[in-house]
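First the structure, in the form of structure tokens, and then the observations on it.
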Amino acid sequence: GLSATTGATVTANPTSNTTYVVTGTDAHTCINTANVAVTVNPVPTITLGANPSVVQGSTSANLPYTASSGSPATYSITYSSAAHTAGFADVTGSVFPTPSPFVLVVPAAAPAAVYSGSLTVTASSCTSTVSPFTVTVLAPLSFDGGATQSLTVCENTTGNTINSLLTVSDGSTGLTETYSVLTSPPNGSVITGTSVASGISVSPTGWAYTPNPGYTGSDAFVIQVTNGSATASTTVN
């Protein structure tokens with residue numbers, strides 16, 4: 001509608017494409033008219049899909065979208081300060097991808113963490129509301145307890161479980177973590193157990209340590225895990 005139909009200044013707020021007829025009259029009562037067409041463009045929208053996760057060292061991540069409206073032409077991304085520190089760079093006015101996804105640039109050296117950003121799309125100078133998202137950078141294959149871990153057992157005990165010491169995290173999906181004894185304990189034995197599917201904080205079953213009968217003192221052994229492309233080891237003592 002119009003704020004007024006007469007006056008030196010009139011504000012128009014149409015909700016759809018509208019043509020206004022403007023009539024002007026000067027001090028000599030001379031009259032002239034002009035047509036003013038106002039085009040109302042829709043505000044574009046975007047619906048993002050699942051937040052991506054990648055293994056540390058990756059250089060890209062796919063951020064899918066499931067729906068859009070208003071024919072977006074470009075998109076922009078603003079990352080958080082923590083993401084900037086890790087090397088993520090903002091994006092301004094890039095061509096809207098058709099079809100999905102948005103391909104995000106991930107710094108190869110970004111530490112394992114969850115980084116946040118916000119995305120907007122633009123069409124005909126109209127910009128969508130902000131859509132937040134995250135990018136999770138996962139640590140490569142590693143033992144959750146670190147490269148060296150401690151185990152204390154009692155004399156003459158058998159089958160002391162060590163499954164929790166063998167918990168690993170692996171950012172690669174769809175792989176199998178296969179364990180092996182890299183160095184056997186000189187004063188005891190290790191009972192081998194199962195492998196486990198890759199994932200975050202996954203543990204095998206059936207692994208145990210038994211000291212030699214009557215032995216007291218220190219002992220040590222090394223367990224290695226591999227997913228077929230990466231390996232890690234931990235020393236238990």
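Labeling convention for the structure tokens: chains A, B, ... as they appear, residues from 1 per chain, ligands from 1 in order of appearance.
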
Test item: residues at most 10 Å from Leu2 in chain A, only C-alpha atoms, excluding those fewer than 6 positions along its chain, as a list in words = Val10, Thr11, Ala12, Asn13, Pro14 and Tyr20 of chain A

Long-range neighbours of range 156-168 of chain A as a PDB file with N, CA and C atoms, in the first residue's frame, 6 Å cut-off, only C-alpha atoms, 6 positions minimum in chain:
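Wrote it out as part25.pdb, contents follow:
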```pdb
ATOM      1  N   SER A 142      43.735 -43.346  15.855  1.00  0.00           N
ATOM      2  CA  SER A 142      44.588 -43.192  17.039  1.00  0.00           C
ATOM      3  C   SER A 142      43.944 -43.888  18.230  1.00  0.00           C
ATOM      4  N   PHE A 143      44.798 -44.286  19.185  1.00  0.00           N
ATOM      5  CA  PHE A 143      44.305 -44.849  20.440  1.00  0.00           C
ATOM      6  C   PHE A 143      43.840 -43.709  21.336  1.00  0.00           C
ATOM      7  N   ASP A 144      42.628 -43.838  21.876  1.00  0.00           N
ATOM      8  CA  ASP A 144      42.088 -42.782  22.731  1.00  0.00           C
ATOM      9  C   ASP A 144      42.972 -42.549  23.946  1.00  0.00           C
ATOM     10  N   SER A 201      35.685 -43.695  19.198  1.00  0.00           N
ATOM     11  CA  SER A 201      35.732 -44.375  20.493  1.00  0.00           C
ATOM     12  C   SER A 201      35.084 -45.758  20.423  1.00  0.00           C
ATOM     13  N   VAL A 202      35.648 -46.615  19.573  1.00  0.00           N
ATOM     14  CA  VAL A 202      35.166 -47.998  19.467  1.00  0.00           C
ATOM     15  C   VAL A 202      36.199 -48.920  20.096  1.00  0.00           C
ATOM     16  N   SER A 203      35.715 -49.985  20.743  1.00  0.00           N
ATOM     17  CA  SER A 203      36.598 -50.912  21.456  1.00  0.00           C
ATOM     18  C   SER A 203      36.396 -52.335  20.965  1.00  0.00           C
ATOM     19  N   PRO A 204      37.478 -53.121  20.905  1.00  0.00           N
ATOM     20  CA  PRO A 204      37.338 -54.537  20.564  1.00  0.00           C
ATOM     21  C   PRO A 204      36.875 -55.324  21.783  1.00  0.00           C
ATOM     22  N   THR A 205      36.694 -56.606  21.612  1.00  0.00           N
ATOM     23  CA  THR A 205      36.339 -57.490  22.726  1.00  0.00           C
ATOM     24  C   THR A 205      37.303 -58.670  22.758  1.00  0.00           C
ATOM     25  N   TRP A 207      40.169 -59.125  24.415  1.00  0.00           N
ATOM     26  CA  TRP A 207      41.605 -58.922  24.634  1.00  0.00           C
ATOM     27  C   TRP A 207      41.908 -58.911  26.123  1.00  0.00           C
ATOM     28  N   ALA A 208      42.999 -59.595  26.509  1.00  0.00           N
ATOM     29  CA  ALA A 208      43.339 -59.683  27.931  1.00  0.00           C
ATOM     30  C   ALA A 208      44.832 -59.930  28.100  1.00  0.00           C
ATOM     31  N   TYR A 209      45.301 -59.646  29.304  1.00  0.00           N
ATOM     32  CA  TYR A 209      46.719 -59.859  29.662  1.00  0.00           C
ATOM     33  C   TYR A 209      46.785 -60.773  30.890  1.00  0.00           C
ATOM     34  N   THR A 210      47.721 -61.733  30.830  1.00  0.00           N
ATOM     35  CA  THR A 210      47.949 -62.632  31.965  1.00  0.00           C
ATOM     36  C   THR A 210      49.442 -62.641  32.292  1.00  0.00           C
ATOM     37  N   PRO A 213      52.936 -67.106  35.935  1.00  0.00           N
ATOM     38  CA  PRO A 213      52.683 -67.552  37.320  1.00  0.00           C
ATOM     39  C   PRO A 213      53.819 -67.138  38.260  1.00  0.00           C
ATOM     40  N   GLY A 214      53.458 -66.542  39.391  1.00  0.00           N
ATOM     41  CA  GLY A 214      54.414 -66.155  40.418  1.00  0.00           C
ATOM     42  C   GLY A 214      55.199 -64.901  40.104  1.00  0.00           C
TER      43      GLY A 214
END
```

Check the DSSP output for the backbone and give back, as a list in words, the residues of range 55-120 of chain A in alpha helix (DSSP H).
->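 Filtering range 55-120 of chain A down to alpha helix (DSSP H) leaves Ser81, Ala82, Ala83, His84, Thr85 and Ala86 of chain A.
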
Keeping N, CA, C and O atoms, export the residues of the selection given above as an mmCIF file, in the first residue's frame.
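Resulting contents of selection16.cif:
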```
data_model
loop_
_atom_site.group_PDB
_atom_site.id
_atom_site.type_symbol
_atom_site.label_atom_id
_atom_site.label_comp_id
_atom_site.auth_asym_id
_atom_site.auth_seq_id
_atom_site.Cartn_x
_atom_site.Cartn_y
_atom_site.Cartn_z
ATOM 1 N N SER A 81 35.224 -17.248 14.543
ATOM 2 C CA SER A 81 36.610 -16.840 14.778
ATOM 3 C C SER A 81 37.511 -18.053 14.984
ATOM 4 O O SER A 81 38.661 -18.069 14.545
ATOM 5 N N ALA A 82 36.987 -19.098 15.637
ATOM 6 C CA ALA A 82 37.782 -20.316 15.835
ATOM 7 C C ALA A 82 38.092 -20.974 14.499
ATOM 8 O O ALA A 82 39.194 -21.490 14.278
ATOM 9 N N ALA A 83 37.124 -20.965 13.591
ATOM 10 C CA ALA A 83 37.351 -21.526 12.263
ATOM 11 C C ALA A 83 38.367 -20.690 11.494
ATOM 12 O O ALA A 83 39.229 -21.240 10.788
ATOM 13 N N HIS A 84 38.278 -19.361 11.632
ATOM 14 C CA HIS A 84 39.272 -18.499 10.980
ATOM 15 C C HIS A 84 40.679 -18.823 11.477
ATOM 16 O O HIS A 84 41.627 -18.901 10.694
ATOM 17 N N THR A 85 40.801 -19.025 12.786
ATOM 18 C CA THR A 85 42.110 -19.344 13.365
ATOM 19 C C THR A 85 42.655 -20.647 12.789
ATOM 20 O O THR A 85 43.864 -20.788 12.583
ATOM 21 N N ALA A 86 41.769 -21.595 12.518
ATOM 22 C CA ALA A 86 42.182 -22.888 11.968
ATOM 23 C C ALA A 86 42.462 -22.824 10.474
ATOM 24 O O ALA A 86 42.953 -23.803 9.898
#
```

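The nearest approach to Thr45 in chain A among the residues A:Thr194, A:Thr136, A:Asn187, A:Thr66, with only C-alpha atoms taken into account, belongs to A:Thr66.
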
Spatial neighbours of Thr59 in chain A, 7 Å, only C-alpha atoms, chain gap at least 5 places, as a list in words |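 The neighbour list is Val105, Val106, Pro107 and Ala108 of chain A.
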
Any idea what's packed within 7 Å of range 31-42 of chain A, counting only C-alpha atoms, ignoring anything in its chain fewer than 3 positions away? Could you give it as a list in words?
->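 Once the nearby chain positions are removed, what remains is Thr15, Ser16, Asn17, Thr18, Thr19, Tyr20, Val21, Val22, Thr23, Gly24, Thr25, Asp26, Gly70 and Ser124 of chain A.
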
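The spacing separating CA of Ser100 in chain A from CA of Val54 in chain A amounts to 17.8 Å.
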
Contact residues around Thr183 in chain A with only C-alpha atoms at 9 Å, ignoring same-chain residues under 5 positions, as a count of residues only | 6

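The shell of residues at most 10 Å from Thr47 in chain A, with only C-alpha atoms counted and near chain neighbours (fewer than 6 positions) removed, consists of A:Pro64, A:Tyr65, A:Thr66, A:Ala67, A:Ser68, A:Ser69, A:Ser131.
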
Would you give me, as a VMD selection string, the residues in range 108-153 of chain A that DSSP reads as strand (DSSP E or B)?
-> chain A and resid 113 to 123 126 to 127 131 to 138 142 to 143 148 to 149

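The interatomic distance for the pair CA of Ser94 in chain A and CA of Ala123 in chain A works out to 12.0 Å.
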
Quick one: pull the distance between CA of Val130 in chain A and CA of Pro99 in chain A, Å, one decimal.
->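 According to the coordinates, CA of Val130 in chain A and CA of Pro99 in chain A are separated by 20.3 Å.
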
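When only C-alpha atoms are used to measure the gap to Gly146 in chain A, the shortest distance among A:Thr127, A:Ser233, A:Thr216, A:Ser180 belongs to A:Ser233.
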
Name the residues in contact with Thr231 in chain A at a cut-off of 10 Å, using only C-alpha atoms, excluding same-chain residues fewer than 4 positions from it; report them as a PDB file with N, CA, C and O atoms, in the first residue's frame.
```pdb
ATOM      1  N   PRO A 140      42.760 -38.555  12.817  1.00  0.00           N
ATOM      2  CA  PRO A 140      43.028 -39.815  12.127  1.00  0.00           C
ATOM      3  C   PRO A 140      43.080 -40.966  13.131  1.00  0.00           C
ATOM      4  O   PRO A 140      42.968 -40.758  14.342  1.00  0.00           O
ATOM      5  N   LEU A 141      43.253 -42.177  12.629  1.00  0.00           N
ATOM      6  CA  LEU A 141      43.279 -43.368  13.481  1.00  0.00           C
ATOM      7  C   LEU A 141      44.256 -43.194  14.646  1.00  0.00           C
ATOM      8  O   LEU A 141      45.435 -42.914  14.443  1.00  0.00           O
ATOM      9  N   SER A 142      43.735 -43.346  15.855  1.00  0.00           N
ATOM     10  CA  SER A 142      44.588 -43.192  17.039  1.00  0.00           C
ATOM     11  C   SER A 142      43.944 -43.888  18.230  1.00  0.00           C
ATOM     12  O   SER A 142      42.724 -44.065  18.287  1.00  0.00           O
ATOM     13  N   GLU A 177      38.902 -52.122  11.964  1.00  0.00           N
ATOM     14  CA  GLU A 177      40.110 -51.958  12.767  1.00  0.00           C
ATOM     15  C   GLU A 177      40.613 -53.355  13.157  1.00  0.00           C
ATOM     16  O   GLU A 177      39.929 -54.087  13.875  1.00  0.00           O
ATOM     17  N   THR A 178      41.786 -53.709  12.664  1.00  0.00           N
ATOM     18  CA  THR A 178      42.368 -55.020  12.955  1.00  0.00           C
ATOM     19  C   THR A 178      43.548 -54.857  13.901  1.00  0.00           C
ATOM     20  O   THR A 178      44.484 -54.105  13.618  1.00  0.00           O
ATOM     21  N   TYR A 179      43.484 -55.563  15.039  1.00  0.00           N
ATOM     22  CA  TYR A 179      44.507 -55.442  16.077  1.00  0.00           C
ATOM     23  C   TYR A 179      45.505 -56.593  15.974  1.00  0.00           C
ATOM     24  O   TYR A 179      45.156 -57.697  15.537  1.00  0.00           O
ATOM     25  N   GLN A 224      49.212 -53.042  18.076  1.00  0.00           N
ATOM     26  CA  GLN A 224      49.057 -52.219  16.874  1.00  0.00           C
ATOM     27  C   GLN A 224      47.660 -52.415  16.294  1.00  0.00           C
ATOM     28  O   GLN A 224      47.077 -53.483  16.386  1.00  0.00           O
ATOM     29  N   VAL A 225      47.120 -51.333  15.703  1.00  0.00           N
ATOM     30  CA  VAL A 225      45.836 -51.414  15.014  1.00  0.00           C
ATOM     31  C   VAL A 225      46.002 -50.822  13.627  1.00  0.00           C
ATOM     32  O   VAL A 225      46.764 -49.870  13.430  1.00  0.00           O
ATOM     33  N   THR A 226      45.309 -51.385  12.668  1.00  0.00           N
ATOM     34  CA  THR A 226      45.336 -50.865  11.306  1.00  0.00           C
ATOM     35  C   THR A 226      43.937 -50.921  10.711  1.00  0.00           C
ATOM     36  O   THR A 226      43.141 -51.807  11.044  1.00  0.00           O
ATOM     37  N   ASN A 227      43.634 -49.956   9.844  1.00  0.00           N
ATOM     38  CA  ASN A 227      42.359 -49.974   9.116  1.00  0.00           C
ATOM     39  C   ASN A 227      42.571 -50.288   7.636  1.00  0.00           C
ATOM     40  O   ASN A 227      41.667 -50.114   6.813  1.00  0.00           O
TER      41      ASN A 227
END
```
